[in-house]
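S.K.: Next up, structure.cif (mmCIF, C-alpha atoms).
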data_data
#
loop_
_atom_site.label_atom_id
_atom_site.label_comp_id
_atom_site.auth_asym_id
_atom_site.auth_seq_id
_atom_site.Cartn_x
_atom_site.Cartn_y
_atom_site.Cartn_z
CA MET A 19 126.31 12.42 0.63
CA ILE A 20 124.29 11.24 -2.36
CA ARG A 21 123.64 13.87 -5.06
CA TYR A 22 121.22 13.35 -7.96
CA LEU A 23 122.79 15.26 -10.84
CA LYS A 24 120.28 14.05 -13.46
CA SER A 25 116.87 12.43 -12.90
CA GLY A 26 114.38 10.56 -15.06
CA GLN A 27 110.59 10.59 -15.42
CA THR A 28 108.39 11.01 -12.36
CA ALA A 29 106.32 8.18 -10.91
CA ALA A 30 103.13 10.04 -11.87
CA VAL A 31 104.03 10.08 -15.57
CA LYS A 32 104.87 6.38 -15.49
CA ALA A 33 101.56 5.57 -13.75
CA GLU A 34 99.55 7.45 -16.38
CA ASN A 35 101.24 5.51 -19.19
CA SER A 36 100.59 2.22 -17.39
CA LEU A 37 96.85 2.86 -17.11
CA GLN A 38 96.44 3.24 -20.87
CA VAL A 39 98.38 0.02 -21.49
CA ARG A 40 96.34 -1.87 -18.90
CA ASN A 41 93.01 -0.90 -20.44
CA THR A 42 94.10 -1.75 -23.97
CA VAL A 43 95.38 -5.17 -22.97
CA GLU A 44 92.25 -6.01 -21.00
CA THR A 45 90.11 -5.36 -24.09
CA ILE A 46 92.29 -7.54 -26.33
CA LEU A 47 92.34 -10.44 -23.85
CA ASN A 48 88.56 -10.34 -23.46
CA GLU A 49 88.09 -10.38 -27.23
CA ILE A 50 90.44 -13.32 -27.75
CA GLY A 51 88.97 -15.20 -24.79
CA THR A 52 85.50 -14.81 -26.32
CA ARG A 53 86.14 -15.14 -30.05
CA GLY A 54 89.33 -17.18 -30.26
CA GLU A 55 91.32 -17.27 -33.46
CA ALA A 56 89.07 -14.82 -35.30
CA ALA A 57 90.07 -12.14 -32.79
CA VAL A 58 93.73 -13.20 -32.91
CA ARG A 59 93.69 -12.76 -36.68
CA GLU A 60 91.97 -9.36 -36.48
CA TYR A 61 94.55 -8.02 -34.04
CA SER A 62 97.41 -9.49 -36.07
CA GLU A 63 96.10 -7.68 -39.13
CA LYS A 64 95.61 -4.46 -37.17
CA PHE A 65 98.97 -4.31 -35.41
CA ASP A 66 101.31 -6.28 -37.70
CA LYS A 67 99.53 -6.20 -41.09
CA TRP A 68 99.92 -9.99 -40.98
CA SER A 69 97.27 -12.60 -41.78
CA PRO A 70 98.77 -15.76 -43.30
CA LYS A 71 96.76 -18.89 -44.02
CA SER A 72 98.32 -20.46 -40.93
CA PHE A 73 100.25 -18.70 -38.18
CA ARG A 74 102.11 -21.94 -37.48
CA LEU A 75 105.15 -22.46 -39.68
CA SER A 76 105.37 -25.75 -41.55
CA GLU A 77 108.53 -27.85 -41.66
CA LYS A 78 109.05 -26.61 -45.21
CA GLU A 79 108.79 -22.97 -44.12
CA ILE A 80 111.21 -23.56 -41.25
CA ALA A 81 113.69 -25.23 -43.59
CA GLY A 82 113.32 -22.29 -45.97
CA CYS A 83 114.25 -19.85 -43.22
CA LEU A 84 117.37 -21.83 -42.36
CA SER A 85 118.38 -22.12 -46.03
CA VAL A 86 118.63 -18.35 -46.58
CA LEU A 87 120.96 -17.77 -43.62
CA PRO A 88 124.73 -17.66 -44.08
CA ALA A 89 126.62 -20.53 -42.48
CA GLN A 90 128.29 -18.07 -40.10
CA VAL A 91 124.89 -17.01 -38.71
CA ILE A 92 123.94 -20.65 -38.07
CA ASP A 93 127.31 -21.30 -36.43
CA ASP A 94 126.96 -18.21 -34.23
CA ILE A 95 123.46 -19.25 -33.13
CA LYS A 96 124.72 -22.73 -32.28
CA PHE A 97 127.66 -21.31 -30.31
CA ALA A 98 125.40 -19.07 -28.23
CA GLN A 99 122.92 -21.86 -27.61
CA THR A 100 125.72 -24.20 -26.50
CA GLN A 101 126.83 -21.70 -23.86
CA ILE A 102 123.27 -21.17 -22.61
CA ARG A 103 122.45 -24.89 -22.64
CA ASN A 104 125.63 -25.85 -20.80
CA PHE A 105 125.06 -23.36 -18.00
CA ALA A 106 121.38 -24.33 -17.74
CA LEU A 107 122.35 -27.99 -17.38
CA VAL A 108 124.84 -27.10 -14.64
CA GLN A 109 122.06 -25.22 -12.84
CA LYS A 110 119.68 -28.16 -13.29
CA ALA A 111 122.25 -30.52 -11.77
CA ALA A 112 122.16 -28.38 -8.62
CA LEU A 113 118.47 -29.24 -8.16
CA LYS A 114 118.26 -32.53 -6.27
CA ASP A 115 115.33 -34.75 -5.38
CA VAL A 116 115.37 -35.42 -1.64
CA GLU A 117 113.88 -38.02 0.72
CA VAL A 118 114.48 -38.15 4.47
CA GLU A 119 113.05 -40.01 7.48
CA THR A 120 112.27 -37.09 9.80
CA LEU A 121 110.81 -39.26 12.58
CA PRO A 122 110.85 -43.04 12.93
CA GLY A 123 108.40 -44.22 10.28
CA VAL A 124 107.78 -40.74 8.75
CA VAL A 125 109.31 -40.13 5.32
CA LEU A 126 109.20 -36.73 3.59
CA GLY A 127 110.59 -35.83 0.21
CA HIS A 128 110.37 -33.68 -2.86
CA LYS A 129 110.68 -34.28 -6.58
CA ASN A 130 111.68 -31.73 -9.21
CA LEU A 131 109.23 -32.01 -12.10
CA PRO A 132 109.41 -29.97 -15.30
CA VAL A 133 106.35 -28.01 -16.41
CA ASN A 134 104.53 -29.95 -19.13
CA SER A 135 104.06 -27.18 -21.70
CA VAL A 136 105.57 -23.73 -22.17
CA GLY A 137 104.95 -20.87 -24.57
CA CYS A 138 108.03 -18.77 -25.40
CA TYR A 139 107.47 -15.23 -26.65
CA VAL A 140 110.29 -13.69 -28.69
CA PRO A 141 110.11 -9.93 -29.35
CA GLY A 142 110.66 -8.86 -32.93
CA GLY A 143 109.02 -5.51 -33.55
CA ARG A 144 111.73 -2.84 -33.26
CA TYR A 145 114.60 -5.37 -33.21
CA PRO A 146 114.59 -9.07 -34.16
CA MET A 147 115.51 -10.47 -30.74
CA VAL A 148 117.16 -13.71 -31.82
CA ALA A 149 118.82 -14.09 -28.42
CA SER A 150 115.47 -14.24 -26.64
CA ALA A 151 114.74 -17.50 -28.44
CA HIS A 152 117.92 -18.99 -26.96
CA MET A 153 117.08 -17.82 -23.47
CA SER A 154 113.57 -19.28 -23.34
CA VAL A 155 113.50 -22.25 -25.72
CA VAL A 156 116.95 -23.66 -24.94
CA THR A 157 116.48 -23.27 -21.18
CA ALA A 158 113.03 -24.90 -21.24
CA LYS A 159 114.45 -27.79 -23.25
CA ALA A 160 117.29 -28.23 -20.75
CA ALA A 161 114.71 -28.35 -17.96
CA GLY A 162 112.90 -31.23 -19.67
CA VAL A 163 109.69 -29.46 -20.74
CA LYS A 164 107.71 -31.85 -22.96
CA ARG A 165 106.02 -29.33 -25.27
CA ILE A 166 107.63 -26.02 -26.18
CA ILE A 167 105.91 -23.59 -28.51
CA ALA A 168 107.51 -20.37 -29.66
CA THR A 169 106.14 -17.28 -31.31
CA ALA A 170 107.53 -14.02 -32.68
CA PRO A 171 105.95 -11.25 -34.72
CA PRO A 172 106.68 -10.95 -38.43
CA PHE A 173 109.60 -8.69 -39.31
CA ASP A 174 109.29 -6.64 -42.49
CA GLY A 175 106.26 -8.66 -43.52
CA ALA A 176 107.60 -12.19 -43.00
CA PRO A 177 108.91 -14.53 -40.31
CA HIS A 178 112.45 -13.48 -39.44
CA PRO A 179 114.75 -16.31 -40.65
CA ALA A 180 117.28 -15.98 -37.81
CA ILE A 181 114.58 -16.00 -35.12
CA VAL A 182 112.98 -19.06 -36.70
CA ALA A 183 116.37 -20.76 -36.90
CA ALA A 184 117.06 -20.03 -33.23
CA MET A 185 113.66 -21.40 -32.20
CA HIS A 186 114.11 -24.53 -34.31
CA LEU A 187 117.72 -25.22 -33.32
CA GLY A 188 116.83 -24.53 -29.69
CA GLY A 189 114.24 -27.32 -29.70
CA ALA A 190 110.82 -25.67 -30.16
CA ASP A 191 108.10 -28.18 -31.07
CA GLU A 192 105.79 -25.61 -32.67
CA ILE A 193 106.76 -22.26 -34.21
CA TYR A 194 104.30 -19.45 -34.93
CA ALA A 195 104.69 -16.13 -36.72
CA LEU A 196 102.47 -14.11 -34.40
CA GLY A 197 103.24 -11.13 -32.20
CA GLY A 198 102.09 -8.92 -29.38
CA VAL A 199 99.27 -9.42 -26.91
CA GLN A 200 97.45 -11.62 -29.42
CA ALA A 201 100.35 -14.10 -29.42
CA VAL A 202 100.56 -14.26 -25.62
CA ALA A 203 96.78 -14.65 -25.34
CA ALA A 204 96.66 -17.38 -27.99
CA MET A 205 99.33 -19.42 -26.18
CA ALA A 206 97.82 -18.91 -22.74
CA LEU A 207 94.11 -19.27 -23.55
CA GLY A 208 94.33 -21.50 -26.61
CA THR A 209 92.48 -21.16 -29.89
CA GLU A 210 90.90 -23.52 -32.39
CA THR A 211 94.37 -24.37 -33.72
CA ILE A 212 96.71 -23.70 -30.76
CA ALA A 213 96.49 -25.87 -27.66
CA PRO A 214 97.00 -23.77 -24.51
CA VAL A 215 100.21 -24.00 -22.50
CA ASP A 216 100.84 -24.11 -18.75
CA MET A 217 103.36 -21.28 -18.64
CA ILE A 218 104.34 -18.19 -20.65
CA VAL A 219 107.92 -16.88 -20.68
CA GLY A 220 109.94 -14.27 -22.49
CA PRO A 221 110.35 -10.50 -22.59
CA GLY A 222 108.35 -8.02 -24.65
CA ASN A 223 107.07 -4.49 -24.78
CA ALA A 224 104.80 -2.90 -22.18
CA TYR A 225 101.70 -4.50 -23.72
CA VAL A 226 103.20 -7.99 -23.67
CA ALA A 227 104.29 -7.55 -20.05
CA GLU A 228 100.80 -6.35 -19.09
CA ALA A 229 99.21 -9.30 -20.89
CA LYS A 230 101.36 -11.67 -18.85
CA ARG A 231 100.37 -9.84 -15.67
CA GLN A 232 96.66 -10.13 -16.42
CA LEU A 233 96.95 -13.78 -17.46
CA PHE A 234 98.98 -14.83 -14.42
CA GLY A 235 96.94 -17.35 -12.47
CA ARG A 236 95.36 -18.86 -15.53
CA VAL A 237 98.91 -19.70 -16.57
CA GLY A 238 102.26 -19.38 -14.91
CA ILE A 239 104.75 -16.74 -15.99
CA ASP A 240 108.48 -16.28 -15.58
CA LEU A 241 108.36 -12.67 -14.39
CA LEU A 242 107.03 -9.26 -15.38
CA ALA A 243 109.70 -7.74 -17.59
CA GLY A 244 109.40 -3.99 -18.08
CA PRO A 245 111.70 -1.76 -20.13
CA THR A 246 115.35 -2.78 -20.09
CA GLU A 247 117.28 -1.21 -17.20
CA THR A 248 120.99 -0.71 -16.78
CA LEU A 249 123.02 0.59 -13.87
CA ILE A 250 126.72 1.39 -14.17
CA ILE A 251 128.63 1.49 -10.86
CA ALA A 252 131.96 3.13 -11.60
CA ASP A 253 134.92 4.73 -9.90
CA ASP A 254 137.93 6.56 -11.33
CA THR A 255 139.20 3.39 -13.04
CA CYS A 256 136.38 3.84 -15.58
CA ASP A 257 136.67 6.47 -18.30
CA ALA A 258 133.80 8.46 -19.76
CA GLU A 259 133.88 6.62 -23.10
CA MET A 260 133.28 3.23 -21.47
CA ALA A 261 130.56 4.63 -19.19
CA ALA A 262 128.81 6.25 -22.15
CA VAL A 263 128.98 3.15 -24.36
CA ASP A 264 127.68 0.87 -21.62
CA LEU A 265 124.83 3.24 -20.74
CA ILE A 266 123.69 3.97 -24.29
CA GLY A 267 124.29 0.38 -25.38
CA GLN A 268 121.27 -0.55 -23.27
CA ALA A 269 119.29 2.68 -23.68
CA GLU A 270 118.84 1.80 -27.36
CA HIS A 271 116.35 -0.90 -26.34
CA GLY A 272 113.59 1.71 -26.22
CA PRO A 273 112.65 5.21 -25.08
CA GLY A 274 111.42 3.87 -21.73
CA SER A 275 114.71 2.23 -20.77
CA PRO A 276 116.38 3.65 -17.62
CA ALA A 277 120.16 4.07 -17.79
CA VAL A 278 121.86 5.14 -14.56
CA LEU A 279 125.45 6.12 -13.81
CA LEU A 280 126.25 5.66 -10.11
CA THR A 281 129.74 6.87 -9.25
CA ASN A 282 132.01 8.28 -6.58
CA SER A 283 134.08 10.09 -9.20
CA ALA A 284 133.08 13.71 -9.75
CA LYS A 285 135.32 13.78 -12.83
CA LEU A 286 133.51 10.80 -14.42
CA ALA A 287 130.10 12.28 -13.57
CA ALA A 288 131.07 15.56 -15.22
CA GLU A 289 132.62 14.05 -18.36
CA THR A 290 130.07 11.34 -19.18
CA PRO A 291 127.31 13.59 -20.65
CA ALA A 292 129.68 14.91 -23.31
CA ALA A 293 130.85 11.38 -24.11
CA ILE A 294 127.22 10.35 -24.50
CA GLU A 295 126.57 13.22 -26.92
CA LYS A 296 129.62 12.21 -28.96
CA LEU A 297 128.35 8.63 -29.16
CA LEU A 298 124.85 9.74 -30.12
CA SER A 299 126.27 11.81 -32.97
CA TRP A 300 126.99 8.68 -35.02
CA LEU A 301 125.17 5.70 -33.46
CA PRO A 302 122.52 4.34 -35.89
CA THR A 303 120.05 3.86 -33.01
CA ALA A 304 120.70 7.35 -31.63
CA ALA A 305 117.10 8.58 -31.94
CA ILE A 306 115.79 5.87 -29.62
CA ALA A 307 118.76 5.98 -27.26
CA ARG A 308 118.60 9.77 -26.98
CA ASP A 309 114.94 9.65 -25.91
CA ALA A 310 115.78 7.02 -23.30
CA TRP A 311 118.71 9.02 -21.94
CA GLN A 312 116.82 12.32 -21.85
CA ASN A 313 113.69 10.85 -20.24
CA ASN A 314 115.11 8.09 -18.06
CA GLY A 315 118.85 8.70 -17.74
CA GLU A 316 120.31 9.47 -14.32
CA ILE A 317 123.67 10.45 -12.88
CA ILE A 318 124.12 9.92 -9.15
CA LEU A 319 127.27 11.00 -7.32
CA CYS A 320 128.23 9.40 -4.01
CA ASP A 321 131.10 9.96 -1.60
CA THR A 322 131.72 6.44 -0.29
CA ILE A 323 131.68 2.82 -1.42
CA ASP A 324 128.99 2.03 1.15
CA GLU A 325 126.78 4.76 -0.36
CA LEU A 326 127.27 3.18 -3.78
CA VAL A 327 126.14 -0.21 -2.44
CA ALA A 328 123.13 1.24 -0.61
CA GLU A 329 122.01 3.27 -3.61
CA ALA A 330 122.49 0.33 -5.97
CA ASP A 331 120.34 -1.87 -3.73
CA ARG A 332 117.68 0.85 -3.62
CA ILE A 333 117.62 1.06 -7.43
CA ALA A 334 117.52 -2.77 -7.74
CA SER A 335 118.37 -2.62 -11.43
CA GLU A 336 117.94 -5.38 -13.98
CA HIS A 337 121.55 -5.13 -15.21
CA VAL A 338 124.36 -3.89 -13.00
CA GLN A 339 127.82 -3.33 -14.45
CA VAL A 340 130.55 -2.85 -11.87
CA LEU A 341 133.48 -0.91 -13.34
CA THR A 342 135.58 -0.39 -10.21
CA LYS A 343 138.94 -1.29 -8.66
CA ASP A 344 137.34 -4.11 -6.65
CA PRO A 345 134.17 -5.37 -8.37
CA ASP A 346 133.95 -8.38 -6.06
CA TYR A 347 133.18 -6.01 -3.18
CA PHE A 348 129.79 -5.41 -4.81
CA LEU A 349 129.29 -9.13 -5.47
CA ASN A 350 129.83 -9.74 -1.75
CA HIS A 351 127.73 -6.83 -0.45
CA MET A 352 124.91 -6.13 -2.91
CA THR A 353 121.59 -7.96 -2.52
CA ASN A 354 119.23 -6.46 -5.13
CA TYR A 355 120.08 -6.97 -8.80
CA GLY A 356 118.96 -9.00 -11.80
CA ALA A 357 122.47 -9.84 -12.99
CA LEU A 358 125.95 -8.53 -12.16
CA PHE A 359 128.64 -7.88 -14.76
CA LEU A 360 131.88 -7.66 -12.84
CA GLY A 361 134.88 -5.77 -14.17
CA HIS A 362 135.81 -3.79 -17.24
CA ARG A 363 136.25 -6.85 -19.47
CA THR A 364 132.59 -7.86 -19.40
CA ASN A 365 129.40 -5.98 -20.23
CA VAL A 366 125.63 -6.41 -20.48
CA ALA A 367 125.74 -7.22 -24.20
CA TYR A 368 127.71 -10.40 -23.41
CA GLY A 369 124.96 -11.53 -21.06
CA ASP A 370 122.23 -10.44 -23.48
CA LYS A 371 123.55 -12.45 -26.39
CA VAL A 372 126.06 -15.18 -25.82
CA ILE A 373 128.00 -15.72 -22.60
CA GLY A 374 125.57 -18.29 -21.14
CA THR A 375 123.59 -16.62 -18.36
CA ASN A 376 119.94 -15.83 -19.06
CA HIS A 377 118.97 -12.34 -20.19
CA THR A 378 115.32 -12.45 -19.06
CA LEU A 379 115.71 -10.59 -15.77
CA PRO A 380 113.61 -8.76 -13.15
CA THR A 381 112.85 -5.06 -13.74
CA MET A 382 110.89 -2.36 -11.90
CA LYS A 383 112.61 -3.19 -8.58
CA ALA A 384 111.48 -6.83 -8.71
CA ALA A 385 115.10 -7.80 -8.05
CA ARG A 386 114.27 -7.16 -4.39
CA TYR A 387 112.37 -10.46 -4.32
CA THR A 388 113.16 -12.56 -7.38
CA GLY A 389 115.94 -13.55 -9.72
CA GLY A 390 115.65 -13.93 -13.46
CA LEU A 391 114.64 -16.73 -15.79
CA TRP A 392 116.68 -19.89 -15.30
CA VAL A 393 116.21 -23.61 -15.67
CA GLY A 394 114.60 -23.79 -12.22
CA LYS A 395 111.71 -21.56 -13.34
CA PHE A 396 110.54 -24.40 -15.57
CA ILE A 397 110.70 -26.93 -12.75
CA LYS A 398 108.15 -27.49 -9.99
CA THR A 399 109.49 -28.70 -6.65
CA CYS A 400 106.66 -30.93 -5.42
CA THR A 401 106.60 -32.52 -1.97
CA TYR A 402 105.31 -35.91 -0.87
CA GLN A 403 104.98 -37.78 2.42
CA ARG A 404 104.74 -41.39 3.50
CA VAL A 405 103.98 -42.85 6.95
CA LEU A 406 105.41 -46.35 7.30
CA THR A 407 104.25 -47.57 10.72
CA ASP A 408 101.14 -47.59 12.91
CA GLU A 409 103.13 -46.03 15.74
CA ALA A 410 104.26 -43.10 13.59
CA SER A 411 100.73 -42.40 12.32
CA ALA A 412 99.31 -42.42 15.86
CA LEU A 413 102.10 -40.20 17.17
CA VAL A 414 101.65 -37.55 14.47
CA GLY A 415 97.87 -37.94 14.79
CA ASP A 416 97.91 -37.02 18.47
CA TYR A 417 99.72 -33.77 17.79
CA CYS A 418 97.65 -33.03 14.69
CA SER A 419 94.35 -33.54 16.55
CA ARG A 420 95.23 -31.04 19.25
CA LEU A 421 96.54 -28.49 16.73
CA CYS A 422 93.36 -28.77 14.65
CA ALA A 423 91.27 -28.19 17.79
CA ILE A 424 93.08 -24.89 18.40
CA GLU A 425 91.90 -23.72 14.97
CA ASN A 426 88.36 -25.17 15.33
CA PHE A 427 88.88 -27.38 12.25
CA SER A 428 86.71 -30.32 13.31
CA GLY A 429 86.93 -32.13 9.98
CA HIS A 430 90.70 -31.91 9.98
CA LYS A 431 90.71 -33.14 13.61
CA GLU A 432 88.63 -36.16 12.67
CA GLN A 433 91.12 -37.09 9.94
CA ALA A 434 93.78 -37.27 12.63
CA ASP A 435 91.54 -38.93 15.24
CA LEU A 436 90.55 -41.70 12.79
CA ARG A 437 94.21 -42.68 12.44
CA VAL A 438 94.75 -42.56 16.19
CA ARG A 439 91.77 -44.87 16.74
CA ARG A 440 92.90 -47.33 14.07
CA TYR A 441 96.63 -47.32 14.57
CA GLY A 442 97.11 -46.26 18.23
CA THR A 443 98.08 -48.49 21.13
CA GLN A 444 94.47 -49.19 22.15
CA ALA A 445 93.57 -50.28 18.64
CA GLN A 446 96.60 -52.56 18.49
CA GLY A 447 95.67 -54.07 21.86
CA ALA A 448 92.13 -54.74 20.65
#
Rewrite the structure from the file as structure tokens, please.
M.R.:
Amino acid sequence: MIRYLKSGQTAAVKAENSLQVRNTVETILNEIGTRGEAAVREYSEKFDKWSPKSFRLSEKEIAGCLSVLPAQVIDDIKFAQTQIRNFALVQKAALKDVEVETLPGVVLGHKNLPVNSVGCYVPGGRYPMVASAHMSVVTAKAAGVKRIIATAPPFDGAPHPAIVAAMHLGGADEIYALGGVQAVAAMALGTETIAPVDMIVGPGNAYVAEAKRQLFGRVGIDLLAGPTETLIIADDTCDAEMAAVDLIGQAEHGPGSPAVLLTNSAKLAAETPAAIEKLLSWLPTAAIARDAWQNNGEIILCDTIDELVAEADRIASEHVQVLTKDPDYFLNHMTNYGALFLGHRTNVAYGDKVIGTNHTLPTMKAARYTGGLWVGKFIKTCTYQRVLTDEASALVGDYCSRLCAIENFSGHKEQADLRVRRYGTQAQGA
């Protein structure tokens, strides 16, 4: 039996919030599409109190950001980027061009081609998300993208030095101090000073995610990233302190972040709320995390392992930590998740910041049909075909002609019939 001991916001409340966001974003995109950089500047002034002479940082400004950072910060950024780059290159090596002769004289193949230009959005409003620069810029560079631009909002009235350093060290070709919907729109639509890109990637708040949704089609996107989600699957090998830390450690992202404890231990389910209150009594981000836990926190108690798997797949969470006797059981049986963190020694923060996997992951149940950002998202697998002989063209043409006739596509049929007439046996005999 599955028992829901604590539940989050209703679907109706979430839908009402989404409508307001959708309308606001639509207005901003229309303004920027019509008026270009003038509108970008107005919205930057309105939302970020930021209107520099140029939103693009010069080489001197980039060097200035790096110069104020302690050597340890630079070393830590380089370490994280090395882990992310190395794993991305391993993933890229798994993508192979193919070519095969499927029939005598018929050759089919595909090539893996990187996207030509990408815009990477790095959040920086509530928290300066340095790690998001690694995840997008470094991975795009590993994929072979020719032009990478990166943008983040100002932090405390200036470009954040560590974010700028991460963008620069990661390989960004252009760096902008610009945030929110106006940044996403400027990269996607282009302005008088920013050439548009082919694809937008990176997480952000609800407005940034909605902007990507509305712009999809005009540009490509990685995925629609909503509020950070975490699911803890735990049994009696997990204590309440670890469950509380791993839940609240992600709830601090924002008040809309779901944090779910899924367990078959009644003792753990009963003890975790008190452990959460103890943690919130001293955590500097307690105000945000408390809102998230009160509004979106859940505790679900199951009887069996199979119920845990089924419920986890129903939730389809962005992050899933498995704190059980046999975490590999969930690796082998679960199908819906953004990323798995297996065992007590790992946690979501490792994946978010440094371990090497990408932290831009599917939310809002999108894990049912997609994975997260990875090097392959920046690569197009494009097919080609080649017919080498007259006999092969006539053979395929015969089949194609009849299949086109079934669908009443006379023009398509004539394309096939022309080849049959020119390359078929009768034509060769003539």
S.K.: Neighbouring residues of stretch 104-107 of chain A were defined as those with any atom within 7 Å, considering all atoms listed in the file; residues of the same chain fewer than 6 positions away were excluded. Please report them as a count of residues only.
M.R.: 6
S.K.: List as number ranges by chain the protein and nucleic acid residues near A:Glu49, meaning an atom at most 12 Å away when all atoms listed in the file are counted, but skip any in the same chain fewer than 6 places from it.
M.R.: A: 42-43, 55-61, 199-200, 203-204, 207, 209
S.K.: Write out as a list in words the residues lying within 8 Å of stretch 141-150 of chain A, counting only C-alpha atoms and excluding same-chain residues fewer than 3 positions away.
M.R.: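 In the requested form, the answer reads Met153, Ser154, Ala170, Pro171, Pro172, Phe173, His178, Ala180, Ile181, Ala184, Gly197, Gly220, Pro221, Gly222, Asn223, Asp370, Lys371, Val372, His377 and Thr378 of chain A.
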S.K.: Kindly resolve the PyMOL selection byres ((chain A and resi 382-385) around 8) on the present coordinates and return the residues as a count of residues only.
M.R.: 15
S.K.: Please identify all polymer residues lying at most 12 Å from the point (130.1, 19.0, -13.0) (file coordinates), using only C-alpha atoms, and present the result as number ranges by chain.
M.R.: A: 21-24, 283-292, 317-319
S.K.: For A:Cys400, which residue out of A:Asp435, A:Asp344, A:Asp309, A:Asp115 is the nearest one, using all atoms listed in the file?
M.R.: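 Ranking A:Asp435, A:Asp344, A:Asp309, A:Asp115 by distance to A:Cys400, first place goes to A:Asp115.
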S.K.: Output the residue selection produced by the PyMOL selection byres ((chain A and resi 307) around 12) on the file above, formatted as a PyMOL selection string.
M.R.: chain A and resi 246+262-277+294-295+297-306+308-315
S.K.: Looking at A:Leu242, A:Leu187, A:Val327, A:Met260, which one is nearest to A:Ala98, with distances taken over only C-alpha atoms?
M.R.: A:Leu187
S.K.: A:Lys67, A:Arg363, A:Arg404, A:Arg437: which is nearest A:Leu126, counting only C-alpha atoms?
M.R.: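 Of all the options, A:Arg404 lies closest to A:Leu126.
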S.K.: Got a sec to resolve the PyMOL selection byres ((chain A and resi 323) around 12) on this structure and send the residues as a PyMOL selection string?
M.R.: chain A and resi 19-20+251-253+280-283+319-322+324-330+340+342-345+347-348+351-352
S.K.: Between atom CA of A:Asn130 and atom CA of A:Thr100, measure the distance and give it in Å to one decimal.
M.R.: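 Taking atom CA of A:Asn130 and atom CA of A:Thr100, their separation equals 23.5 Å.
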S.K.: Which residue, A:Ala195, A:Val278, A:Val182, A:Leu358, has the smallest gap to A:Gly82 when you use all atoms listed in the file?
M.R.: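 Nearest candidate to A:Gly82 out of A:Ala195, A:Val278, A:Val182, A:Leu358: A:Val182.
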S.K.: Have a look at A:Asp240, A:Gly208, A:Gln339, A:Leu391 and name the one nearest to A:Tyr368; count only C-alpha atoms.
M.R.: A:Gln339
S.K.: Pick out the closest residue to A:Ala412 from this set: A:Gly429, A:Tyr225, A:Val124, A:Leu131. Count all atoms listed in the file.
M.R.: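 Using all atoms listed in the file, the shortest distance to A:Ala412 belongs to A:Val124.
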S.K.: To one decimal place in Å, what is the distance between atom CA of A:Val155 and atom CA of A:Lys114?
M.R.: 22.5 Å
S.K.: Atom CA of A:Val366 to atom CA of A:Pro88: how many Å, to one decimal?
M.R.: 26.2 Å
S.K.: Counting all atoms listed in the file, write as a PyMOL selection string all protein and nucleic acid residues lying at most 12 Å from (114.5, -42.6, 2.4) in the file's frame.
M.R.: chain A and resi 115-128+402-406
S.K.: N, CA and C atoms are what I want for stretch 155-166 of chain A; can you complete it accordingly and write them as a PDB file, keeping the file's coordinate frame?
M.R.:
ATOM      1  N   VAL A 155     113.665 -20.907 -25.142  1.00  0.00           N
ATOM      2  CA  VAL A 155     113.500 -22.250 -25.720  1.00  0.00           C
ATOM      3  C   VAL A 155     114.585 -23.196 -25.232  1.00  0.00           C
ATOM      4  N   VAL A 156     115.838 -22.783 -25.334  1.00  0.00           N
ATOM      5  CA  VAL A 156     116.950 -23.660 -24.940  1.00  0.00           C
ATOM      6  C   VAL A 156     116.865 -24.016 -23.453  1.00  0.00           C
ATOM      7  N   THR A 157     116.533 -23.031 -22.628  1.00  0.00           N
ATOM      8  CA  THR A 157     116.480 -23.270 -21.180  1.00  0.00           C
ATOM      9  C   THR A 157     115.313 -24.193 -20.831  1.00  0.00           C
ATOM     10  N   ALA A 158     114.167 -24.004 -21.471  1.00  0.00           N
ATOM     11  CA  ALA A 158     113.030 -24.900 -21.240  1.00  0.00           C
ATOM     12  C   ALA A 158     113.363 -26.320 -21.656  1.00  0.00           C
ATOM     13  N   LYS A 159     114.053 -26.457 -22.778  1.00  0.00           N
ATOM     14  CA  LYS A 159     114.450 -27.790 -23.250  1.00  0.00           C
ATOM     15  C   LYS A 159     115.398 -28.449 -22.254  1.00  0.00           C
ATOM     16  N   ALA A 160     116.359 -27.683 -21.741  1.00  0.00           N
ATOM     17  CA  ALA A 160     117.290 -28.230 -20.750  1.00  0.00           C
ATOM     18  C   ALA A 160     116.570 -28.670 -19.489  1.00  0.00           C
ATOM     19  N   ALA A 161     115.481 -27.980 -19.152  1.00  0.00           N
ATOM     20  CA  ALA A 161     114.710 -28.350 -17.960  1.00  0.00           C
ATOM     21  C   ALA A 161     113.909 -29.620 -18.145  1.00  0.00           C
ATOM     22  N   GLY A 162     113.672 -30.021 -19.400  1.00  0.00           N
ATOM     23  CA  GLY A 162     112.900 -31.230 -19.670  1.00  0.00           C
ATOM     24  C   GLY A 162     111.447 -30.984 -19.993  1.00  0.00           C
ATOM     25  N   VAL A 163     111.079 -29.762 -20.375  1.00  0.00           N
ATOM     26  CA  VAL A 163     109.690 -29.460 -20.740  1.00  0.00           C
ATOM     27  C   VAL A 163     109.292 -30.288 -21.963  1.00  0.00           C
ATOM     28  N   LYS A 164     108.115 -30.917 -21.904  1.00  0.00           N
ATOM     29  CA  LYS A 164     107.710 -31.850 -22.960  1.00  0.00           C
ATOM     30  C   LYS A 164     107.253 -31.153 -24.239  1.00  0.00           C
ATOM     31  N   ARG A 165     106.536 -30.042 -24.093  1.00  0.00           N
ATOM     32  CA  ARG A 165     106.020 -29.330 -25.270  1.00  0.00           C
ATOM     33  C   ARG A 165     106.406 -27.860 -25.165  1.00  0.00           C
ATOM     34  N   ILE A 166     107.165 -27.406 -26.139  1.00  0.00           N
ATOM     35  CA  ILE A 166     107.630 -26.020 -26.180  1.00  0.00           C
ATOM     36  C   ILE A 166     107.129 -25.385 -27.466  1.00  0.00           C
TER      37      ILE A 166
END
